[in-house]
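Structure file model-v1.txt (compact mmCIF, C-alpha atoms) follows.
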# COMPACT_ATOMS: atom_id res chain seq x y z
CA MET G 257 37.28 126.44 140.23
CA PRO G 258 34.90 124.99 137.62
CA VAL G 259 31.70 127.06 137.54
CA ASN G 260 28.51 125.53 136.17
CA HIS G 261 26.39 128.53 137.07
CA PRO G 262 27.90 132.01 137.61
CA ALA G 263 25.33 132.96 140.25
CA LEU G 264 26.67 130.27 142.57
CA ALA G 265 30.34 131.05 142.04
CA ASP G 266 30.76 133.36 145.06
CA PHE G 267 28.84 131.04 147.37
CA ARG G 268 30.74 127.91 146.35
CA ARG G 269 34.10 129.70 146.50
CA ALA G 270 33.42 131.14 149.97
CA LEU G 271 32.60 127.69 151.37
CA ARG G 272 35.55 126.07 149.62
CA ASP G 273 37.99 128.67 150.94
CA SER G 274 36.96 128.36 154.63
CA ALA G 275 36.06 132.04 154.67
CA PRO G 276 33.05 132.58 156.98
CA ASP G 277 33.55 136.34 156.86
CA THR G 278 32.52 136.24 153.19
CA TRP G 279 29.52 133.96 153.59
CA SER G 280 26.92 136.66 154.20
CA SER G 281 27.86 138.66 151.12
CA ALA G 282 28.09 135.48 149.04
CA ILE G 283 24.61 134.42 150.16
CA ASP G 284 23.26 137.89 149.36
CA GLN G 285 24.81 137.70 145.89
CA SER G 286 23.72 134.17 145.03
CA PHE G 287 20.30 133.82 146.68
CA ALA G 288 17.07 135.61 145.81
CA PRO G 289 15.27 137.42 148.66
CA GLY G 290 13.04 134.96 150.48
CA ALA G 291 14.75 131.90 148.98
CA VAL G 292 13.76 128.80 150.91
CA VAL G 293 16.32 126.24 152.07
CA ARG G 294 14.97 122.75 152.75
CA MET G 295 17.50 120.86 154.82
CA CYS G 296 17.74 117.51 156.52
CA ALA G 297 16.74 116.91 160.11
CA PRO G 298 17.22 118.52 162.56
CA PHE G 299 17.45 121.83 160.64
CA GLY G 300 14.26 121.65 158.59
CA GLU G 301 13.04 124.48 156.39
CA ILE G 302 14.76 127.85 156.84
CA ASP G 303 15.16 131.12 154.98
CA ALA G 304 18.42 131.53 153.08
CA SER G 305 19.29 134.46 155.35
CA GLU G 306 19.50 131.95 158.25
CA LEU G 307 22.20 129.84 156.62
CA ARG G 308 25.07 132.00 157.86
CA GLU G 309 24.23 131.75 161.56
CA GLY G 310 22.32 128.46 161.37
CA PRO G 311 23.57 125.24 159.76
CA LEU G 312 26.78 126.66 158.26
CA GLY G 313 27.60 128.81 161.26
CA SER G 314 27.11 126.06 163.79
CA LEU G 315 29.29 123.70 161.77
CA ALA G 316 32.02 126.33 161.44
CA VAL G 317 32.12 126.77 165.22
CA ALA G 318 32.68 123.04 165.67
CA TRP G 319 35.03 122.76 162.67
CA PRO G 320 36.81 126.17 162.59
CA ASP G 321 38.82 125.28 159.46
CA MET G 322 35.74 123.88 157.72
CA GLU G 323 35.72 123.69 153.94
CA ARG G 324 33.26 122.38 151.37
CA ARG G 325 34.73 120.10 148.71
CA GLU G 326 32.95 119.18 145.50
CA HIS G 327 33.32 116.11 143.34
CA ILE G 328 30.16 116.42 141.23
CA VAL G 329 28.54 119.59 139.84
CA ILE G 330 25.84 119.37 137.18
CA ASP G 331 23.54 121.97 135.66
CA GLY G 332 20.30 120.91 133.98
CA THR G 333 16.59 121.46 133.49
CA ASP G 334 13.81 119.32 134.98
CA ASP G 335 10.53 118.27 133.36
CA PHE G 336 8.84 121.44 134.65
CA GLY G 337 11.31 123.78 132.95
CA ASN G 338 13.15 124.62 136.16
CA ARG G 339 16.92 124.94 136.07
CA TRP G 340 18.83 123.15 138.84
CA VAL G 341 22.47 123.05 139.83
CA GLY G 342 23.30 119.85 141.72
CA CYS G 343 26.44 119.60 143.85
CA GLY G 344 27.80 116.54 145.61
CA GLY G 345 30.86 116.23 147.81
CA TYR G 346 31.75 116.53 151.46
CA TYR G 347 32.44 119.06 154.19
CA CYS G 348 35.62 118.51 156.16
CA GLY G 349 37.46 120.16 159.02
CA THR G 350 39.07 119.60 162.39
CA PHE G 351 36.35 118.62 164.86
CA VAL G 352 37.25 120.61 168.02
CA LYS G 353 33.90 121.55 169.60
CA PRO G 354 30.58 119.70 170.01
CA TRP G 355 28.13 119.98 167.13
CA LEU G 356 24.45 119.07 167.49
CA GLY G 357 25.45 117.21 170.66
CA ILE G 358 28.06 115.13 168.82
CA PRO G 359 31.31 115.13 170.82
CA PRO G 360 34.45 116.43 169.10
CA THR G 361 37.10 113.97 168.01
CA GLY G 362 40.05 116.33 167.73
CA HIS G 363 40.69 114.85 164.30
CA VAL G 364 39.68 115.70 160.75
CA ALA G 365 35.99 114.92 160.23
CA HIS G 366 34.07 114.55 156.98
CA MET G 367 30.38 114.70 156.09
CA ARG G 368 28.87 113.94 152.70
CA TYR G 369 26.36 116.35 151.20
CA HIS G 370 24.03 116.49 148.22
CA GLU G 371 22.78 120.03 147.58
CA PHE G 372 20.43 120.98 144.75
CA PHE G 373 19.83 124.66 143.88
CA ARG G 374 16.81 125.74 141.83
CA MET G 375 17.61 128.91 139.92
CA ASN G 376 15.11 131.63 139.06
CA GLU G 377 14.92 133.59 135.82
CA ASP G 378 17.30 136.23 137.20
CA GLY G 379 20.01 133.64 137.78
CA GLN G 380 19.67 133.54 141.55
CA VAL G 381 18.87 130.64 143.85
CA ALA G 382 15.15 130.42 144.59
CA GLU G 383 15.16 127.10 146.47
CA VAL G 384 17.61 124.63 147.97
CA GLN G 385 17.00 120.95 148.73
CA ALA G 386 19.94 119.64 150.73
CA LEU G 387 20.92 116.54 152.67
CA TRP G 388 23.94 116.33 154.96
CA ASP G 389 25.01 112.89 156.16
CA ILE G 390 24.99 113.85 159.85
CA PRO G 391 24.91 110.19 160.96
CA GLU G 392 28.30 109.85 159.26
CA VAL G 393 29.69 112.36 161.79
CA MET G 394 28.11 110.43 164.67
CA LEU G 395 29.84 107.30 163.41
CA GLN G 396 33.23 109.00 163.35
CA ALA G 397 32.68 110.29 166.90
CA GLY G 398 31.85 106.83 168.24
CA VAL G 399 28.28 107.70 169.26
CA TRP G 400 26.34 105.75 166.62
CA PRO G 401 22.64 105.61 167.66
CA LEU G 402 21.11 103.71 164.74
CA ALA G 403 20.93 100.07 163.72
CA PRO G 404 24.21 98.76 162.23
CA ALA G 405 24.53 99.16 158.47
CA LEU G 406 24.34 96.08 156.25
CA GLY G 407 26.61 97.66 153.64
CA ARG G 408 30.17 98.95 153.98
CA GLU G 409 30.61 102.15 155.98
CA TRP G 410 33.52 104.23 154.64
CA HIS G 411 34.54 107.59 153.26
CA VAL G 412 32.66 107.43 149.96
CA PRO G 413 34.83 108.47 146.99
CA GLY G 414 34.12 110.81 144.11
CA PRO G 415 33.74 109.63 140.52
CA ALA G 416 36.23 107.00 139.41
CA SER G 417 36.38 108.86 136.07
CA GLN G 418 37.46 112.09 137.85
CA ASP G 419 35.29 114.16 135.51
CA GLY G 420 32.55 115.34 137.83
CA PHE G 421 32.74 119.01 136.84
CA GLY G 422 31.17 120.53 133.77
CA PRO G 423 30.65 121.60 131.18
CA HIS G 424 29.59 118.18 129.93
CA ASP G 425 28.29 117.04 126.56
CA ALA G 426 24.82 118.55 126.13
CA VAL G 427 23.70 115.95 123.58
CA GLU G 428 24.61 113.11 125.91
CA SER G 429 22.62 114.62 128.79
CA GLU G 430 19.14 113.64 127.63
CA VAL G 431 20.27 110.11 126.75
CA SER G 432 21.65 109.72 130.29
CA ARG G 433 18.52 111.16 131.87
CA GLN G 434 16.19 108.84 129.96
CA HIS G 435 18.37 105.84 130.83
CA VAL G 436 18.03 106.55 134.56
CA ILE G 437 14.29 107.22 134.31
CA ALA G 438 13.79 103.96 132.38
CA MET G 439 15.84 102.12 135.01
CA LEU G 440 13.73 103.50 137.85
CA THR G 441 10.52 102.68 135.98
CA ALA G 442 11.64 99.08 135.54
CA MET G 443 12.83 98.86 139.13
CA LYS G 444 9.39 99.84 140.44
CA ARG G 445 7.87 96.79 138.74
CA HIS G 446 9.36 94.62 141.49
CA PRO G 447 7.88 93.20 143.67
CA SER G 448 4.33 94.09 142.60
CA GLU G 449 4.71 92.67 139.06
CA GLY G 450 7.13 89.82 139.63
CA GLY G 451 10.53 88.76 140.90
CA PRO G 452 13.87 90.55 140.51
CA GLU G 453 14.01 89.65 136.82
CA VAL G 454 11.32 92.25 135.97
CA MET G 455 13.75 95.02 136.91
CA GLU G 456 16.08 94.01 134.03
CA MET G 457 19.02 95.29 136.05
CA ASP G 458 21.63 93.89 133.67
CA ARG G 459 20.19 96.19 130.99
CA PHE G 460 20.83 99.32 133.06
CA TRP G 461 23.69 98.67 135.49
CA HIS G 462 27.38 98.01 134.93
CA PRO G 463 28.53 94.62 136.32
CA LYS G 464 31.07 96.45 138.52
CA MET G 465 28.62 99.10 139.70
CA MET G 466 29.12 100.88 143.01
CA TRP G 467 26.05 101.92 145.01
CA TYR G 468 27.08 104.46 147.65
CA GLY G 469 24.29 104.57 150.22
CA PRO G 470 24.00 106.87 153.24
CA SER G 471 25.46 106.06 156.64
CA GLY G 472 23.16 103.52 158.22
CA ILE G 473 22.84 101.61 154.94
CA GLY G 474 26.36 101.68 153.51
CA THR G 475 27.89 100.79 150.15
CA GLY G 476 27.13 97.78 147.96
CA ARG G 477 29.31 96.48 145.11
CA GLY G 478 27.70 95.06 141.99
CA ILE G 479 24.05 94.16 141.51
CA ALA G 480 24.33 91.35 144.09
CA GLY G 481 25.86 93.66 146.68
CA PHE G 482 23.26 96.36 146.04
CA ARG G 483 20.43 93.89 146.44
CA GLN G 484 21.84 92.09 149.49
CA HIS G 485 22.88 95.16 151.44
CA HIS G 486 20.02 97.49 150.52
CA GLN G 487 17.24 96.53 148.12
CA ILE G 488 16.12 93.17 149.53
CA PRO G 489 15.65 94.38 153.13
CA PHE G 490 14.23 97.69 151.86
CA LEU G 491 11.51 96.01 149.81
CA ALA G 492 10.93 93.32 152.40
CA GLY G 493 9.90 96.04 154.84
CA MET G 494 8.04 98.23 152.33
CA PRO G 495 6.77 96.09 149.43
CA ASP G 496 4.39 98.81 148.16
CA ARG G 497 7.28 100.82 146.71
CA GLY G 498 6.06 103.00 143.83
CA SER G 499 2.37 102.91 144.81
CA TYR G 500 2.00 106.59 145.73
CA VAL G 501 3.46 108.46 142.77
CA ASP G 502 0.68 111.05 142.96
CA GLU G 503 2.01 112.16 146.38
CA ILE G 504 5.57 112.92 145.30
CA ILE G 505 7.47 115.14 142.88
CA TYR G 506 10.76 114.25 141.18
CA HIS G 507 13.15 116.78 139.71
CA PHE G 508 15.51 115.04 137.28
CA MET G 509 18.40 116.93 135.72
CA ALA G 510 21.34 115.70 133.67
CA GLU G 511 24.61 116.91 132.26
CA GLY G 512 26.69 114.63 130.10
CA SER G 513 27.03 111.19 131.69
CA TYR G 514 25.75 112.48 135.07
CA VAL G 515 22.13 112.48 136.23
CA GLY G 516 20.72 113.94 139.44
CA VAL G 517 17.38 113.78 141.17
CA THR G 518 15.91 115.67 144.08
CA GLY G 519 12.47 115.76 145.70
CA TRP G 520 10.98 116.83 149.02
CA PRO G 521 9.84 114.08 149.49
CA ASN G 522 10.35 111.80 146.50
CA MET G 523 9.39 108.48 148.10
CA VAL G 524 6.26 107.39 150.00
CA GLN G 525 5.99 103.79 151.21
CA THR G 526 4.30 101.78 153.96
CA LEU G 527 6.41 100.03 156.58
CA SER G 528 4.22 96.95 156.70
CA GLN G 529 6.83 94.22 157.23
CA GLY G 530 10.03 93.79 159.21
CA GLY G 531 13.56 93.65 157.88
CA TRP G 532 14.57 97.25 157.22
CA LEU G 533 16.84 99.13 159.68
CA GLY G 534 15.43 97.09 162.55
CA LEU G 535 12.25 99.20 162.48
CA PRO G 536 8.99 97.60 163.64
CA PRO G 537 6.34 96.91 160.95
CA THR G 538 3.62 99.24 162.22
CA GLY G 539 1.83 99.76 158.89
CA GLN G 540 2.86 103.42 158.98
CA LYS G 541 3.27 105.36 155.76
CA LEU G 542 6.72 106.97 155.59
CA THR G 543 7.91 109.82 153.41
CA MET G 544 11.55 109.88 152.35
CA ARG G 545 13.89 112.44 150.90
CA SER G 546 16.42 110.74 148.65
CA LEU G 547 18.81 112.98 146.70
CA ASP G 548 20.88 111.03 144.18
CA PHE G 549 23.56 111.25 141.52
CA TRP G 550 24.28 108.62 138.85
CA ARG G 551 27.27 108.33 136.51
CA LEU G 552 26.97 106.35 133.28
CA GLU G 553 29.87 104.62 131.55
CA ASN G 554 29.51 103.01 128.11
CA GLY G 555 25.74 103.26 128.37
CA LEU G 556 25.43 101.64 131.80
CA ILE G 557 25.23 103.04 135.33
CA ARG G 558 28.66 102.57 136.90
CA GLU G 559 28.26 104.66 140.08
CA ASN G 560 25.28 105.83 142.13
CA TRP G 561 25.61 108.22 145.07
CA VAL G 562 22.56 108.16 147.35
CA LEU G 563 21.71 110.22 150.42
CA VAL G 564 18.52 109.70 152.41
CA ASP G 565 17.39 111.82 155.35
CA MET G 566 17.80 108.91 157.75
CA LEU G 567 17.25 110.93 160.91
CA ASP G 568 13.91 112.15 159.53
CA VAL G 569 12.86 108.55 158.80
CA TYR G 570 13.56 107.52 162.39
CA ASP G 571 11.85 110.66 163.66
CA GLN G 572 8.66 109.72 161.79
CA LYS G 573 8.75 106.45 163.72
CA GLY G 574 8.93 108.37 167.01
CA ILE G 575 12.56 107.36 167.58
CA ASP G 576 14.74 110.13 168.99
CA ASP G 577 18.20 109.32 167.68
CA TYR G 578 19.66 112.43 169.26
CA ALA G 579 18.49 111.36 172.73
CA ARG G 580 20.19 107.98 172.30
CA MET G 581 23.29 109.66 170.91
CA ARG G 582 23.43 112.06 173.87
CA GLU G 583 23.41 109.09 176.25
CA ARG G 584 26.44 107.65 174.49
CA ALA G 585 28.15 111.03 174.23
CA ALA G 586 27.67 112.09 177.85
CA PRO G 587 30.87 110.47 179.23
CA MET G 588 32.90 111.92 176.34
CA LEU G 589 31.60 115.38 177.12
CA GLY G 590 32.37 115.03 180.84
CA ARG G 591 28.83 114.85 182.15
CA SER G 592 26.44 112.20 183.37
CA SER G 593 23.64 111.07 181.09
CA ALA G 594 21.14 112.69 183.48
CA ASN G 595 22.50 116.18 182.72
Show this structure as C-alpha cells.
Amino acid sequence: MPVNHPALADFRRALRDSAPDTWSSAIDQSFAPGAVVRMCAPFGEIDASELREGPLGSLAVAWPDMERREHIVIDGTDDFGNRWVGCGGYYCGTFVKPWLGIPPTGHVAHMRYHEFFRMNEDGQVAEVQALWDIPEVMLQAGVWPLAPALGREWHVPGPASQDGFGPHDAVESEVSRQHVIAMLTAMKRHPSEGGPEVMEMDRFWHPKMMWYGPSGIGTGRGIAGFRQHHQIPFLAGMPDRGSYVDEIIYHFMAEGSYVGVTGWPNMVQTLSQGGWLGLPPTGQKLTMRSLDFWRLENGLIRENWVLVDMLDVYDQKGIDDYARMRERAAPMLGRSSAN
C-alpha cells in the first residue's frame, strides 16, 4: 500500500483490510491524545477515541465487510506551516442492516469520502476534517429526501491518470497549488466584477474537464456542464460569493499535479435569491464545508472532486432531511411512518 505518511499507515491499512478488531490499536498509534475529528452531519465534532464505536463502528455494523478504498493520497504543507495528509476515495460493503435510518439494500453500497489529517510535530494526527457523502447512500437505498440533482448522479471515478498515490514531484507541487489558488481568485470576481468572462476559465480548466460534485448536485462535463449544472444556479441563489473571506480559513496543500483544500467552514454566503437546490431565498447567511481535490494535466485542471456537507446546509435552513428520509424508509423497514 502506498504510504504518504508513516503515522497513518496502520490506520489506513486497518480500514482497507476490513479489520475492525485492529481499529482501536491503529487509532491509538496514529492519533495524538485528544485529537479532534470534525465530521459531516449528523456526526459533528468528536474525539478520535470515539471513532471506533461511533461513525466507523456504526457503519461496520451495517456493512460488516466494510472496507475503505483510496484513489487519491497527497501530503503537503498549508500556508500556516501545518502538514496535512489528504485522502479521497470511497467506503464500500454489503449493506445488510439499517444505518442512520437508511434501509439496507442487501447489495454492495458505496460512499465517497474526503478526509484530511493535520499532523503534529510528533508525526501523529492532531485534527481531522472529513466529509462522507451520506446522501449518496440514501440515493442507492431509494429514500432520497433532497431536491433532484441537476448534474449526473453516478459512482464517481478516481483519477483518469491512475496516479493518485505519492510520492509526487515536489517541484511541481507549488506550481499546481498556485494555479488552483489563482483560478479560485479569478472565479470569485464573478458576478460582483462582471460576467463569466472575468473568471478566465479557459486559462485554468481543461476543455474536457470533469467536475465531480456531491450527491444532490452531481457531475458536470466541461466548462459548460460545470456552469449549467452547478455554478449558474449556485451563484443565482448566492451572488455574494467571496464576500466574507475574513470569516473562513482555507488549508491548501499540494503534491505533484494534485491539490487539496479543506476548511471548517471554507465558504460563507447569503441565500438571497432562488434557484439553488430548491431552497427558499430567506436572506440567511450559510456556512459551507467544501473539501476538494484537483488534478492538473498539461498545466490545466482536468478533474475536480468536490464534497460539500449537504445535510448540514439543509439543517441550517431548518430542513430535517432525516425525518423526510424516515418517512420514505418506513415501509422498507416494515413499520408505519408514525412509528
One decimal, Å: what's the distance from CA of Asp571 in chain G over to CA of Gly469 in chain G, could you say?
->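 Taking CA of Asp571 in chain G and CA of Gly469 in chain G, their separation equals 19.3 Å.
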Could you give me, as a PyMOL selection string, the residues that have an atom at most 7 Å away from the point (23.8, 134.8, 145.8) in the coordinates of the file, using only C-alpha atoms?
-> chain G and resi 263-264+267+282-288+380-381
What does the distance between CA of Gly398 in chain G and CA of Lys573 in chain G come to in Å, to one decimal place?
-> 23.5 Å
Which residue of G:Ser546, G:Gln484, G:Thr361, G:Thr333 approaches Ala318 in chain G most closely, using only C-alpha atoms |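 Of the candidates, the smallest distance to Ala318 in chain G is held by G:Thr361.
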Near Tyr570 in chain G, within 12 Å and counting only C-alpha atoms, which residues show up once chain neighbours fewer than 3 positions away are dropped, as a ChimeraX atom specification?
-> /G:297-298,391,401-403,472,527,532-536,540,542-544,564-567,573-578,580
Distance query Ala365 in chain G at most 12 Å, only C-alpha atoms, self and fewer than 2 positions along chain excluded, as a ChimeraX atom specification | /G:315,318-324,346-353,355,358-363,367-368,389-390,392-397,411
Would you list the residues near (9.0, 96.0, 154.9) (no more than 9 Å away, in the coordinates of the file, using all atoms listed in the file) as a list in words?
->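 Counting all atoms listed in the file, I find these residues within 9 Å of (9.0, 96.0, 154.9): Pro489, Phe490, Leu491, Ala492, Gly493, Met494, Pro495, Asp496, Thr526, Leu527, Ser528, Gln529, Gly530, Gly531, Trp532, Leu535, Pro536 and Pro537 of chain G.
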Export C-alpha atoms of the chosen residues as an mmCIF file, in the frame of the given file?
data_model
loop_
_atom_site.group_PDB
_atom_site.id
_atom_site.type_symbol
_atom_site.label_atom_id
_atom_site.label_comp_id
_atom_site.auth_asym_id
_atom_site.auth_seq_id
_atom_site.Cartn_x
_atom_site.Cartn_y
_atom_site.Cartn_z
ATOM 1 C CA PRO G 489 15.650 94.380 153.130
ATOM 2 C CA PHE G 490 14.230 97.690 151.860
ATOM 3 C CA LEU G 491 11.510 96.010 149.810
ATOM 4 C CA ALA G 492 10.930 93.320 152.400
ATOM 5 C CA GLY G 493 9.900 96.040 154.840
ATOM 6 C CA MET G 494 8.040 98.230 152.330
ATOM 7 C CA PRO G 495 6.770 96.090 149.430
ATOM 8 C CA ASP G 496 4.390 98.810 148.160
ATOM 9 C CA THR G 526 4.300 101.780 153.960
ATOM 10 C CA LEU G 527 6.410 100.030 156.580
ATOM 11 C CA SER G 528 4.220 96.950 156.700
ATOM 12 C CA GLN G 529 6.830 94.220 157.230
ATOM 13 C CA GLY G 530 10.030 93.790 159.210
ATOM 14 C CA GLY G 531 13.560 93.650 157.880
ATOM 15 C CA TRP G 532 14.570 97.250 157.220
ATOM 16 C CA LEU G 535 12.250 99.200 162.480
ATOM 17 C CA PRO G 536 8.990 97.600 163.640
ATOM 18 C CA PRO G 537 6.340 96.910 160.950
#
Which of these residues is nearest to Gly590 in chain G, using only C-alpha atoms: G:Pro354, G:Ala304, G:Lys444, G:Pro415?
->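 Residue with the minimum atom-to-atom distance to Gly590 in chain G: G:Pro354.
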Using only C-alpha atoms, which residues sit within 8 Å of range 308-311 of chain G once same-chain residues fewer than 5 positions away are excluded, as a compact mmCIF listing (two decimals) with C-alpha atoms, keeping the file's coordinate frame?
# COMPACT_ATOMS: atom_id res chain seq x y z
CA TRP G 279 29.52 133.96 153.59
CA SER G 280 26.92 136.66 154.20
CA PHE G 299 17.45 121.83 160.64
Taking all atoms listed in the file into account, which of G:Val562, G:Ala438, G:Ile479, G:Met509 comes nearest His370 in chain G?
->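 Looking at the shortest contact to His370 in chain G, the residue is G:Val562.
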Rounded to one decimal place, report the CA of Val427 in chain G-CA of Asp335 in chain G distance in Å.
->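 Those two atoms sit 16.6 Å apart.
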Give the answer as one residue: which of G:Gly313, G:Gly357, G:Gly345, G:Gly450 has the shortest atom-to-atom distance to Pro413 in chain G, using all atoms listed in the file?
->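 Residue with the minimum atom-to-atom distance to Pro413 in chain G: G:Gly345.
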Of the candidates G:His435, G:Arg268, G:Arg582, G:Lys541, which one gets nearest to Ala510 in chain G if we count all atoms listed in the file?
->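 Result for the nearest residue to Ala510 in chain G: G:His435.
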Find the residues near Leu406 in chain G: any atom within 8 Å, counting all atoms listed in the file, skip ones fewer than 6 places away on the same chain, and give them as an MDAnalysis selection string.
-> chainID G and resid 472:474 485:486
Store the residues picked out above, limited to C-alpha atoms, as a PDB file, keeping the file's coordinate frame.
ATOM      1  CA  GLY G 472      23.160 103.520 158.220  1.00  0.00           C
ATOM      2  CA  ILE G 473      22.840 101.610 154.940  1.00  0.00           C
ATOM      3  CA  GLY G 474      26.360 101.680 153.510  1.00  0.00           C
ATOM      4  CA  HIS G 485      22.880  95.160 151.440  1.00  0.00           C
ATOM      5  CA  HIS G 486      20.020  97.490 150.520  1.00  0.00           C
TER       6      HIS G 486
END
From the list G:Thr538, G:Ser432, G:Gln487, G:Ser448, which residue is nearest Asn554 in chain G when using only C-alpha atoms?
->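 Of G:Thr538, G:Ser432, G:Gln487, G:Ser448, the one nearest Asn554 in chain G, counting only C-alpha atoms, is G:Ser432.
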Expected axis-aligned box over every listed atom of range 389-400 of chain G, 8 Å added per side, centre plus edges in Å to one decimal, as AutoDock Vina command-line options:
--center_x 29.1 --center_y 109.8 --center_z 162.7 --size_x 24.3 --size_y 24.1 --size_z 29.1
Write out as a list in words each polymer residue whose atoms come within 7 Å of Arg294 in chain G, counting all atoms listed in the file; drop sequence neighbours fewer than 2 positions from it.
->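 The filter keeps Val292, Gly300, Glu301, Ile302, Val384, Gln385 and Ala386 of chain G.
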Restricting the output to C-alpha atoms, write the selected residues as a compact mmCIF listing (two decimals), in the frame of the given file.
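again.txt, freshly written:
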# COMPACT_ATOMS: atom_id res chain seq x y z
CA VAL G 292 13.76 128.80 150.91
CA GLY G 300 14.26 121.65 158.59
CA GLU G 301 13.04 124.48 156.39
CA ILE G 302 14.76 127.85 156.84
CA VAL G 384 17.61 124.63 147.97
CA GLN G 385 17.00 120.95 148.73
CA ALA G 386 19.94 119.64 150.73
